[in-house]
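**Q** Have a look at this one.
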Amino acid sequence: MSVKAKKYLGQHFLNDESIAQKIADTLRLAGYQNILEIGPGMGVLTKYLLKKEATTYVIEIDPESVDYLQANYLNLAPRIIEKDFLKYDLNNVFKGASFGIIGNFPYNISTQIVFKTLEMRDQIPEFSGMFQKEVAQRICSKEGSKVYGILSVLTQAFYHAEYLFTVPPGVFNPPPKVDSGVLRLTRKENYNLPCDEKLLFKTVKTAFQQRRKTLRNSLKTFNLSDNLREDVIFGKRPEQLSVQQFIELTQMIEKDLS
């Protein structure tokens, strides 16, 4: 694939075999038999996934990459999905079965990949892969951090998030201008939340849209009772709340609005 094409796709292709193997080994394969690699490119990570005791599928939108994979990984060919991950219904392939996700994710759609994973969390016990470093750190950050935000809270409501290691630009073609970071998400044993999940998403997103304001001000549009708005939690800014506190806040709002 040409450098121009790679840039168009927003993807930087890994060309370091040792790092590819290290990323493949981040999947612990607990509780599922299928792996889905997003954006395999020319298969540098794929070759190590195929050695594992699991069935590997890949989803790739670029025709040139698909042709290369079909020609060079004959045993994988029936499991190459030539579709857009963000638009494709994966139940056409997995029929409700669980699967792990892995990949060197295109920077320009990496957060969208995470949000689609959250939507499909019932089927995805484990997720690992490479992001732009600052995005990986944001996903894994805790309350009090300057980068803690919407992605941090909503991901960690359902998954344990671990930042695993940093990857320098020089191992990619073309080299990105920033470091990359590899993370792993492991679904929580009890990932069914004790609150209205849609309301949680709305609360978190609304709060962080004005992250410098207290919740008393940022959540004005919810039309909450004066009594609830006097609770001490509403004097805090969103980055001060843990994931559990956001869940508790959602429960309070739900009760107040009912």
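Lettering and numbering for the structure tokens are positional, with chains as A, B, ... in the shown order, residues counted from 1 in each chain, and ligands counted from 1 in the shown order.
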Could you list, with a cut-off of 12 Å and counting only C-alpha atoms, the residues of range 7-85 of chain A near range 183-186 of chain A, each shown with its nearest atom pair and the distance in Å rounded to one decimal, rows sorted by chain and ascending number, as JSON lines?

**A**
{"residue": "A:Lys22", "atom": "CA", "partner": "A:Leu183", "partner_atom": "CA", "distance": 11.7}
{"residue": "A:Ile23", "atom": "CA", "partner": "A:Leu183", "partner_atom": "CA", "distance": 9.2}
{"residue": "A:Ala24", "atom": "CA", "partner": "A:Arg184", "partner_atom": "CA", "distance": 11.1}
{"residue": "A:Asp25", "atom": "CA", "partner": "A:Arg184", "partner_atom": "CA", "distance": 10.8}
{"residue": "A:Thr26", "atom": "CA", "partner": "A:Arg184", "partner_atom": "CA", "distance": 7.0}
{"residue": "A:Leu27", "atom": "CA", "partner": "A:Arg184", "partner_atom": "CA", "distance": 7.9}
{"residue": "A:Arg28", "atom": "CA", "partner": "A:Thr186", "partner_atom": "CA", "distance": 9.5}
{"residue": "A:Leu29", "atom": "CA", "partner": "A:Thr186", "partner_atom": "CA", "distance": 10.6}
{"residue": "A:Ala30", "atom": "CA", "partner": "A:Thr186", "partner_atom": "CA", "distance": 9.7}
{"residue": "A:Gly31", "atom": "CA", "partner": "A:Thr186", "partner_atom": "CA", "distance": 11.0}

**Q** Store the residues of this selection in a file with C-alpha atoms, as a PDB file, in the first residue's frame.

**A**
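Result file follows (selection.pdb):
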ATOM      1  CA  LYS A  22       4.020  -8.301  22.337  1.00  0.00           C
ATOM      2  CA  ILE A  23       0.690  -6.737  21.330  1.00  0.00           C
ATOM      3  CA  ALA A  24      -0.740 -10.116  20.273  1.00  0.00           C
ATOM      4  CA  ASP A  25       0.206 -11.509  23.672  1.00  0.00           C
ATOM      5  CA  THR A  26      -1.844  -8.874  25.503  1.00  0.00           C
ATOM      6  CA  LEU A  27      -4.976 -10.953  24.864  1.00  0.00           C
ATOM      7  CA  ARG A  28      -5.442 -13.513  27.641  1.00  0.00           C
ATOM      8  CA  LEU A  29      -8.226 -15.384  25.795  1.00  0.00           C
ATOM      9  CA  ALA A  30     -10.316 -15.928  28.925  1.00  0.00           C
ATOM     10  CA  GLY A  31     -13.960 -16.767  28.279  1.00  0.00           C
TER      11      GLY A  31
END

**Q** If you run DSSP on this backbone, which residues of range 54-159 of chain A come out as helix (DSSP H, G or I), and could you give them as a PyMOL selection string?

**A** chain A and resi 63-72+77-79+91-94+107-119+121-123+133-140+150-156

**Q** With only C-alpha atoms as the counted atoms, please give the residues lying no more than 9 Å from Val58 in chain A, apart from itself and same-chain residues fewer than 4 positions off, as a VMD selection string.

**A** chain A and resid 35 to 40 46 76 79 to 82

**Q** Hey, can you spit out that residue selection with N, CA and C atoms as a PDB file, in the first residue's frame?

**A**
ATOM      1  N   ILE A  35     -11.272 -14.212  17.994  1.00  0.00           N
ATOM      2  CA  ILE A  35     -10.566 -12.935  18.018  1.00  0.00           C
ATOM      3  C   ILE A  35     -10.940 -12.169  16.758  1.00  0.00           C
ATOM      4  N   LEU A  36     -11.188 -10.872  16.906  1.00  0.00           N
ATOM      5  CA  LEU A  36     -11.400 -10.006  15.746  1.00  0.00           C
ATOM      6  C   LEU A  36     -10.306  -8.940  15.737  1.00  0.00           C
ATOM      7  N   GLU A  37      -9.486  -8.948  14.683  1.00  0.00           N
ATOM      8  CA  GLU A  37      -8.494  -7.892  14.519  1.00  0.00           C
ATOM      9  C   GLU A  37      -9.068  -6.826  13.598  1.00  0.00           C
ATOM     10  N   ILE A  38      -9.006  -5.581  14.049  1.00  0.00           N
ATOM     11  CA  ILE A  38      -9.504  -4.451  13.268  1.00  0.00           C
ATOM     12  C   ILE A  38      -8.338  -3.810  12.520  1.00  0.00           C
ATOM     13  N   GLY A  39      -8.481  -3.668  11.206  1.00  0.00           N
ATOM     14  CA  GLY A  39      -7.465  -3.006  10.397  1.00  0.00           C
ATOM     15  C   GLY A  39      -6.129  -3.728  10.359  1.00  0.00           C
ATOM     16  N   PRO A  40      -6.086  -4.976   9.892  1.00  0.00           N
ATOM     17  CA  PRO A  40      -4.842  -5.753   9.920  1.00  0.00           C
ATOM     18  C   PRO A  40      -3.772  -5.279   8.950  1.00  0.00           C
ATOM     19  N   THR A  46      -1.383 -10.030  12.631  1.00  0.00           N
ATOM     20  CA  THR A  46      -2.234 -11.191  12.330  1.00  0.00           C
ATOM     21  C   THR A  46      -1.474 -12.505  12.436  1.00  0.00           C
ATOM     22  N   LEU A  76      -6.516 -17.973   6.449  1.00  0.00           N
ATOM     23  CA  LEU A  76      -7.336 -16.904   7.017  1.00  0.00           C
ATOM     24  C   LEU A  76      -8.420 -16.443   6.041  1.00  0.00           C
ATOM     25  N   ARG A  79     -12.088 -15.984   6.600  1.00  0.00           N
ATOM     26  CA  ARG A  79     -12.460 -15.170   7.775  1.00  0.00           C
ATOM     27  C   ARG A  79     -11.996 -13.716   7.638  1.00  0.00           C
ATOM     28  N   ILE A  80     -11.783 -13.294   6.395  1.00  0.00           N
ATOM     29  CA  ILE A  80     -11.477 -11.891   6.128  1.00  0.00           C
ATOM     30  C   ILE A  80     -12.788 -11.168   5.818  1.00  0.00           C
ATOM     31  N   ILE A  81     -13.106 -10.181   6.630  1.00  0.00           N
ATOM     32  CA  ILE A  81     -14.357  -9.440   6.474  1.00  0.00           C
ATOM     33  C   ILE A  81     -14.026  -8.099   5.821  1.00  0.00           C
ATOM     34  N   GLU A  82     -14.425  -7.924   4.582  1.00  0.00           N
ATOM     35  CA  GLU A  82     -14.119  -6.676   3.867  1.00  0.00           C
ATOM     36  C   GLU A  82     -15.253  -5.678   4.099  1.00  0.00           C
TER      37      GLU A  82
END

**Q** Identify which of the residues A:Glu53, A:Arg121, A:Thr214, A:Lys47 lies closest to Asn192 in chain A, counting only C-alpha atoms when measuring atom-to-atom distances.

**A**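 Comparing A:Glu53, A:Arg121, A:Thr214, A:Lys47 against Asn192 in chain A, the winner is A:Arg121.
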
**Q** Show me, as a PDB file with N, CA and C atoms, in the first residue's frame, the residues that have an atom within 10 Å of Asn217 in chain A when counting only C-alpha atoms, minus same-chain residues fewer than 5 positions from it.

**A**
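Heads up, here's the output in result24.pdb:
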ATOM      1  N   ALA A 207     -21.844  16.824  31.669  1.00  0.00           N
ATOM      2  CA  ALA A 207     -20.953  17.364  32.700  1.00  0.00           C
ATOM      3  C   ALA A 207     -19.602  17.767  32.115  1.00  0.00           C
ATOM      4  N   GLN A 210     -18.708  21.023  29.894  1.00  0.00           N
ATOM      5  CA  GLN A 210     -18.297  22.245  30.596  1.00  0.00           C
ATOM      6  C   GLN A 210     -17.485  21.836  31.821  1.00  0.00           C
ATOM      7  N   ARG A 212     -14.940  22.771  33.387  1.00  0.00           N
ATOM      8  CA  ARG A 212     -14.422  23.715  34.382  1.00  0.00           C
ATOM      9  C   ARG A 212     -15.504  24.212  35.342  1.00  0.00           C
ATOM     10  N   ARG A 229     -29.998  19.864  43.979  1.00  0.00           N
ATOM     11  CA  ARG A 229     -28.865  20.684  43.528  1.00  0.00           C
ATOM     12  C   ARG A 229     -28.045  21.226  44.699  1.00  0.00           C
ATOM     13  N   PHE A 234     -22.886  18.317  43.921  1.00  0.00           N
ATOM     14  CA  PHE A 234     -23.095  19.290  42.848  1.00  0.00           C
ATOM     15  C   PHE A 234     -22.135  20.481  42.940  1.00  0.00           C
ATOM     16  N   GLY A 235     -21.388  20.554  44.028  1.00  0.00           N
ATOM     17  CA  GLY A 235     -20.366  21.581  44.149  1.00  0.00           C
ATOM     18  C   GLY A 235     -19.031  21.161  43.562  1.00  0.00           C
ATOM     19  N   ARG A 237     -16.504  19.583  40.409  1.00  0.00           N
ATOM     20  CA  ARG A 237     -16.338  19.576  38.952  1.00  0.00           C
ATOM     21  C   ARG A 237     -16.279  18.126  38.478  1.00  0.00           C
TER      22      ARG A 237
END

**Q** I want to know what sits within 10 Å of Val114 in chain A, based on only C-alpha atoms, with residues of the same chain fewer than 6 positions away left out; could you give that as a PyMOL selection string?

**A** chain A and resi 120+127+139+151+154-155+185

**Q** Output C-alpha atoms for every residue in the selection just made, as a short mmCIF file (atom, residue, chain, number, x, y, z; two decimals), in the first residue's frame.

**A**
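The result, written out as again_38.cif:
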data_model
loop_
_atom_site.label_atom_id
_atom_site.label_comp_id
_atom_site.auth_asym_id
_atom_site.auth_seq_id
_atom_site.Cartn_x
_atom_site.Cartn_y
_atom_site.Cartn_z
CA MET A 120 -21.41 -4.55 22.12
CA PHE A 127 -10.20 -5.63 24.14
CA ILE A 139 -9.10 5.93 28.49
CA LEU A 151 -14.06 8.30 27.45
CA LEU A 154 -17.85 5.45 30.22
CA THR A 155 -15.18 2.86 29.41
CA LEU A 185 -9.73 -3.54 28.65
#

**Q** Determine, counting only C-alpha atoms, which protein, DNA and RNA residues have an atom within 12 Å of an atom of Phe246 in chain A; residues of the same chain fewer than 4 positions away are not included. Present the result as an MDAnalysis selection string.

**A** chainID A and resid 143 149:150 152:154 156:157 193:197 199:208 215 233:234 236:242 250:253

**Q** What gap, in Å, lies between CA of Tyr107 in chain A and CA of His12 in chain A?

**A**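 Rounded to one decimal, the two atoms are 8.4 Å apart.
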
**Q** Under the rule that only C-alpha atoms are counted, which of A:Glu162, A:Glu126, A:Asp16, A:Asp84 is the nearest residue to Cys140 in chain A?

**A**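 Ranking A:Glu162, A:Glu126, A:Asp16, A:Asp84 by distance to Cys140 in chain A, first place goes to A:Glu162.
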
**Q** Determine which residues of range 64-215 of chain A DSSP labels as strand (DSSP E) from the backbone of this structure, then write them out as a short mmCIF file (atom, residue, chain, number, x, y, z; two decimals) with all heavy atoms, in the first residue's frame.

**A**
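The result, written out as out-v8.cif:
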data_model
loop_
_atom_site.label_atom_id
_atom_site.label_comp_id
_atom_site.auth_asym_id
_atom_site.auth_seq_id
_atom_site.Cartn_x
_atom_site.Cartn_y
_atom_site.Cartn_z
N ILE A 80 -11.78 -13.29 6.40
CA ILE A 80 -11.48 -11.89 6.13
C ILE A 80 -12.79 -11.17 5.82
O ILE A 80 -13.49 -11.53 4.87
CB ILE A 80 -10.50 -11.75 4.95
CG1 ILE A 80 -9.16 -12.42 5.27
CG2 ILE A 80 -10.27 -10.27 4.62
CD1 ILE A 80 -8.21 -12.49 4.09
N ILE A 81 -13.11 -10.18 6.63
CA ILE A 81 -14.36 -9.44 6.47
C ILE A 81 -14.03 -8.10 5.82
O ILE A 81 -13.40 -7.23 6.45
CB ILE A 81 -15.03 -9.21 7.84
CG1 ILE A 81 -15.18 -10.54 8.61
CG2 ILE A 81 -16.39 -8.53 7.67
CD1 ILE A 81 -15.46 -10.35 10.09
N PHE A 99 -16.35 -12.55 21.57
CA PHE A 99 -15.08 -12.43 20.85
C PHE A 99 -14.25 -11.32 21.47
O PHE A 99 -14.77 -10.38 22.08
CB PHE A 99 -15.31 -12.15 19.36
CG PHE A 99 -16.08 -10.90 19.04
CD1 PHE A 99 -15.44 -9.71 18.71
CD2 PHE A 99 -17.48 -10.91 19.06
CE1 PHE A 99 -16.16 -8.57 18.41
CE2 PHE A 99 -18.21 -9.76 18.76
CZ PHE A 99 -17.54 -8.58 18.44
N GLY A 100 -12.93 -11.45 21.35
CA GLY A 100 -12.02 -10.41 21.80
C GLY A 100 -11.66 -9.52 20.62
O GLY A 100 -11.63 -9.97 19.48
N ILE A 101 -11.35 -8.26 20.91
CA ILE A 101 -10.96 -7.31 19.87
C ILE A 101 -9.50 -6.91 20.08
O ILE A 101 -9.06 -6.73 21.23
CB ILE A 101 -11.86 -6.07 19.88
CG1 ILE A 101 -13.21 -6.40 19.24
CG2 ILE A 101 -11.22 -4.89 19.16
CD1 ILE A 101 -14.18 -5.25 19.19
N ILE A 102 -8.79 -6.76 18.97
CA ILE A 102 -7.40 -6.33 19.03
C ILE A 102 -7.09 -5.55 17.75
O ILE A 102 -7.79 -5.72 16.73
CB ILE A 102 -6.45 -7.53 19.18
CG1 ILE A 102 -5.03 -7.07 19.58
CG2 ILE A 102 -6.41 -8.40 17.91
CD1 ILE A 102 -4.14 -8.21 20.05
N GLY A 103 -6.06 -4.72 17.80
CA GLY A 103 -5.67 -4.02 16.58
C GLY A 103 -4.69 -2.89 16.82
O GLY A 103 -4.49 -2.43 17.96
N ASN A 104 -4.06 -2.47 15.75
CA ASN A 104 -3.32 -1.21 15.69
C ASN A 104 -4.31 -0.23 15.07
O ASN A 104 -4.45 -0.16 13.86
CB ASN A 104 -2.06 -1.38 14.84
CG ASN A 104 -1.44 -0.06 14.46
OD1 ASN A 104 -1.61 0.95 15.15
ND2 ASN A 104 -0.72 -0.04 13.34
N GLU A 126 -12.94 -8.93 26.30
CA GLU A 126 -11.58 -8.39 26.35
C GLU A 126 -11.29 -7.60 25.07
O GLU A 126 -11.73 -7.98 23.98
CB GLU A 126 -10.57 -9.54 26.50
CG GLU A 126 -9.16 -9.09 26.80
CD GLU A 126 -8.26 -10.26 27.13
OE1 GLU A 126 -8.32 -11.31 26.44
OE2 GLU A 126 -7.47 -10.13 28.09
N PHE A 127 -10.50 -6.55 25.24
CA PHE A 127 -10.20 -5.63 24.14
C PHE A 127 -8.78 -5.13 24.39
O PHE A 127 -8.47 -4.66 25.48
CB PHE A 127 -11.20 -4.47 24.20
CG PHE A 127 -10.93 -3.32 23.26
CD1 PHE A 127 -11.77 -3.10 22.17
CD2 PHE A 127 -9.90 -2.42 23.49
CE1 PHE A 127 -11.55 -2.00 21.32
CE2 PHE A 127 -9.69 -1.34 22.65
CZ PHE A 127 -10.51 -1.13 21.56
N SER A 128 -7.92 -5.24 23.40
CA SER A 128 -6.59 -4.65 23.57
C SER A 128 -6.11 -4.11 22.24
O SER A 128 -6.56 -4.53 21.17
CB SER A 128 -5.59 -5.67 24.13
OG SER A 128 -5.35 -6.71 23.22
N GLY A 129 -5.19 -3.16 22.32
CA GLY A 129 -4.70 -2.61 21.08
C GLY A 129 -3.94 -1.32 21.27
O GLY A 129 -3.72 -0.85 22.38
N MET A 130 -3.55 -0.76 20.13
CA MET A 130 -2.69 0.40 20.11
C MET A 130 -3.44 1.65 19.64
O MET A 130 -4.13 1.63 18.63
CB MET A 130 -1.48 0.13 19.21
CG MET A 130 -0.43 1.21 19.24
SD MET A 130 1.24 0.58 18.88
CE MET A 130 0.93 -0.44 17.45
N PHE A 131 -3.25 2.72 20.41
CA PHE A 131 -3.87 4.02 20.16
C PHE A 131 -2.77 5.08 20.13
O PHE A 131 -1.63 4.83 20.51
CB PHE A 131 -4.81 4.39 21.31
CG PHE A 131 -6.04 3.54 21.45
CD1 PHE A 131 -5.96 2.27 22.01
CD2 PHE A 131 -7.28 4.00 21.05
CE1 PHE A 131 -7.08 1.49 22.16
CE2 PHE A 131 -8.42 3.23 21.20
CZ PHE A 131 -8.32 1.97 21.75
N GLN A 132 -3.14 6.28 19.73
CA GLN A 132 -2.27 7.41 20.01
C GLN A 132 -2.10 7.45 21.53
O GLN A 132 -3.06 7.24 22.29
CB GLN A 132 -2.94 8.70 19.51
CG GLN A 132 -2.07 9.93 19.65
CD GLN A 132 -2.71 11.15 18.98
OE1 GLN A 132 -3.48 11.00 18.03
NE2 GLN A 132 -2.40 12.32 19.48
N TYR A 159 -15.47 -1.73 32.03
CA TYR A 159 -14.22 -2.47 31.86
C TYR A 159 -13.14 -1.98 32.82
O TYR A 159 -13.11 -0.79 33.18
CB TYR A 159 -13.67 -2.26 30.43
CG TYR A 159 -14.46 -2.97 29.34
CD1 TYR A 159 -15.56 -2.36 28.74
CD2 TYR A 159 -14.08 -4.23 28.89
CE1 TYR A 159 -16.28 -3.00 27.74
CE2 TYR A 159 -14.79 -4.88 27.88
CZ TYR A 159 -15.89 -4.26 27.32
OH TYR A 159 -16.60 -4.89 26.32
N HIS A 160 -12.28 -2.90 33.22
CA HIS A 160 -11.04 -2.53 33.90
C HIS A 160 -10.06 -2.11 32.80
O HIS A 160 -9.85 -2.86 31.84
CB HIS A 160 -10.47 -3.71 34.69
CG HIS A 160 -11.37 -4.19 35.79
ND1 HIS A 160 -11.61 -3.46 36.94
CD2 HIS A 160 -12.09 -5.35 35.91
CE1 HIS A 160 -12.44 -4.13 37.72
NE2 HIS A 160 -12.75 -5.27 37.12
N ALA A 161 -9.46 -0.94 32.94
CA ALA A 161 -8.58 -0.40 31.90
C ALA A 161 -7.13 -0.36 32.40
O ALA A 161 -6.86 0.17 33.47
CB ALA A 161 -9.04 1.00 31.50
N GLU A 162 -6.22 -0.93 31.60
CA GLU A 162 -4.80 -0.94 31.95
C GLU A 162 -3.97 -0.35 30.81
O GLU A 162 -4.08 -0.83 29.67
CB GLU A 162 -4.31 -2.38 32.17
CG GLU A 162 -5.08 -3.20 33.16
CD GLU A 162 -4.69 -4.68 33.05
OE1 GLU A 162 -3.62 -5.04 33.60
OE2 GLU A 162 -5.44 -5.44 32.40
N TYR A 163 -3.15 0.62 31.12
CA TYR A 163 -2.17 1.12 30.15
C TYR A 163 -0.96 0.20 30.26
O TYR A 163 -0.35 0.08 31.32
CB TYR A 163 -1.78 2.56 30.47
CG TYR A 163 -0.87 3.17 29.42
CD1 TYR A 163 -1.39 3.90 28.36
CD2 TYR A 163 0.52 2.99 29.48
CE1 TYR A 163 -0.57 4.45 27.38
CE2 TYR A 163 1.35 3.53 28.51
CZ TYR A 163 0.80 4.25 27.47
OH TYR A 163 1.63 4.78 26.50
N LEU A 164 -0.59 -0.46 29.16
CA LEU A 164 0.43 -1.52 29.21
C LEU A 164 1.83 -1.04 28.85
O LEU A 164 2.77 -1.27 29.58
CB LEU A 164 0.02 -2.69 28.31
CG LEU A 164 -1.31 -3.35 28.67
CD1 LEU A 164 -1.66 -4.44 27.66
CD2 LEU A 164 -1.28 -3.92 30.09
N PHE A 165 2.00 -0.41 27.69
CA PHE A 165 3.33 0.06 27.31
C PHE A 165 3.24 1.08 26.18
O PHE A 165 2.22 1.19 25.49
CB PHE A 165 4.26 -1.10 26.93
CG PHE A 165 3.76 -1.99 25.83
CD1 PHE A 165 4.06 -1.74 24.49
CD2 PHE A 165 3.00 -3.13 26.12
CE1 PHE A 165 3.61 -2.57 23.48
CE2 PHE A 165 2.55 -3.97 25.11
CZ PHE A 165 2.87 -3.69 23.79
N THR A 166 4.34 1.82 26.02
CA THR A 166 4.45 2.88 25.01
C THR A 166 5.24 2.38 23.81
O THR A 166 6.19 1.60 23.97
CB THR A 166 5.13 4.12 25.62
OG1 THR A 166 4.33 4.59 26.72
CG2 THR A 166 5.28 5.25 24.60
N VAL A 167 4.84 2.80 22.62
CA VAL A 167 5.51 2.39 21.38
C VAL A 167 6.00 3.66 20.66
O VAL A 167 5.21 4.57 20.40
CB VAL A 167 4.56 1.60 20.47
CG1 VAL A 167 5.26 1.17 19.19
CG2 VAL A 167 4.00 0.38 21.21
N PHE A 172 6.91 2.42 12.85
CA PHE A 172 5.75 2.47 11.96
C PHE A 172 6.15 2.98 10.58
O PHE A 172 7.15 3.69 10.42
CB PHE A 172 4.68 3.42 12.51
CG PHE A 172 4.06 2.99 13.79
CD1 PHE A 172 4.55 3.45 15.00
CD2 PHE A 172 2.97 2.15 13.80
CE1 PHE A 172 3.97 3.07 16.19
CE2 PHE A 172 2.38 1.76 14.99
CZ PHE A 172 2.88 2.22 16.19
N ASN A 173 5.32 2.64 9.58
CA ASN A 173 5.45 3.19 8.25
C ASN A 173 4.06 3.66 7.80
O ASN A 173 3.15 2.84 7.68
CB ASN A 173 5.99 2.15 7.27
CG ASN A 173 6.12 2.70 5.86
OD1 ASN A 173 6.33 3.89 5.67
ND2 ASN A 173 5.96 1.84 4.87
N SER A 180 2.77 6.08 20.55
CA SER A 180 1.55 5.29 20.64
C SER A 180 1.53 4.58 22.00
O SER A 180 2.56 4.42 22.65
CB SER A 180 1.49 4.26 19.51
OG SER A 180 1.48 4.91 18.25
N GLY A 181 0.36 4.16 22.40
CA GLY A 181 0.22 3.46 23.67
C GLY A 181 -0.67 2.24 23.51
O GLY A 181 -1.69 2.30 22.82
N VAL A 182 -0.29 1.14 24.15
CA VAL A 182 -1.06 -0.10 24.10
C VAL A 182 -1.80 -0.27 25.43
O VAL A 182 -1.21 -0.12 26.51
CB VAL A 182 -0.16 -1.31 23.83
CG1 VAL A 182 -0.96 -2.61 23.88
CG2 VAL A 182 0.53 -1.14 22.47
N LEU A 183 -3.08 -0.57 25.35
CA LEU A 183 -3.89 -0.77 26.54
C LEU A 183 -4.66 -2.07 26.45
O LEU A 183 -4.76 -2.69 25.38
CB LEU A 183 -4.86 0.40 26.75
CG LEU A 183 -5.92 0.71 25.68
CD1 LEU A 183 -7.07 -0.29 25.68
CD2 LEU A 183 -6.47 2.11 25.89
N ARG A 184 -5.19 -2.48 27.59
CA ARG A 184 -6.08 -3.66 27.62
C ARG A 184 -7.30 -3.31 28.46
O ARG A 184 -7.19 -2.73 29.54
CB ARG A 184 -5.36 -4.86 28.23
CG ARG A 184 -6.28 -6.09 28.38
CD ARG A 184 -5.48 -7.33 28.77
NE ARG A 184 -4.72 -7.12 29.98
CZ ARG A 184 -3.46 -7.57 30.16
NH1 ARG A 184 -2.85 -8.25 29.22
NH2 ARG A 184 -2.82 -7.33 31.29
N LEU A 185 -8.48 -3.66 27.92
CA LEU A 185 -9.73 -3.54 28.65
C LEU A 185 -10.25 -4.93 28.97
O LEU A 185 -10.37 -5.77 28.08
CB LEU A 185 -10.78 -2.79 27.81
CG LEU A 185 -10.39 -1.41 27.27
CD1 LEU A 185 -11.55 -0.84 26.45
CD2 LEU A 185 -10.02 -0.47 28.40
N THR A 186 -10.54 -5.17 30.22
CA THR A 186 -11.09 -6.46 30.66
C THR A 186 -12.47 -6.19 31.25
O THR A 186 -12.60 -5.42 32.22
CB THR A 186 -10.20 -7.12 31.72
OG1 THR A 186 -8.85 -7.22 31.22
CG2 THR A 186 -10.71 -8.52 32.05
N ARG A 187 -13.48 -6.79 30.67
CA ARG A 187 -14.84 -6.52 31.13
C ARG A 187 -15.02 -6.91 32.60
O ARG A 187 -14.53 -7.95 33.05
CB ARG A 187 -15.84 -7.30 30.27
CG ARG A 187 -17.29 -6.85 30.44
CD ARG A 187 -18.20 -7.61 29.51
NE ARG A 187 -18.16 -9.04 29.77
CZ ARG A 187 -18.58 -9.99 28.93
NH1 ARG A 187 -19.09 -9.63 27.75
NH2 ARG A 187 -18.50 -11.26 29.24
#
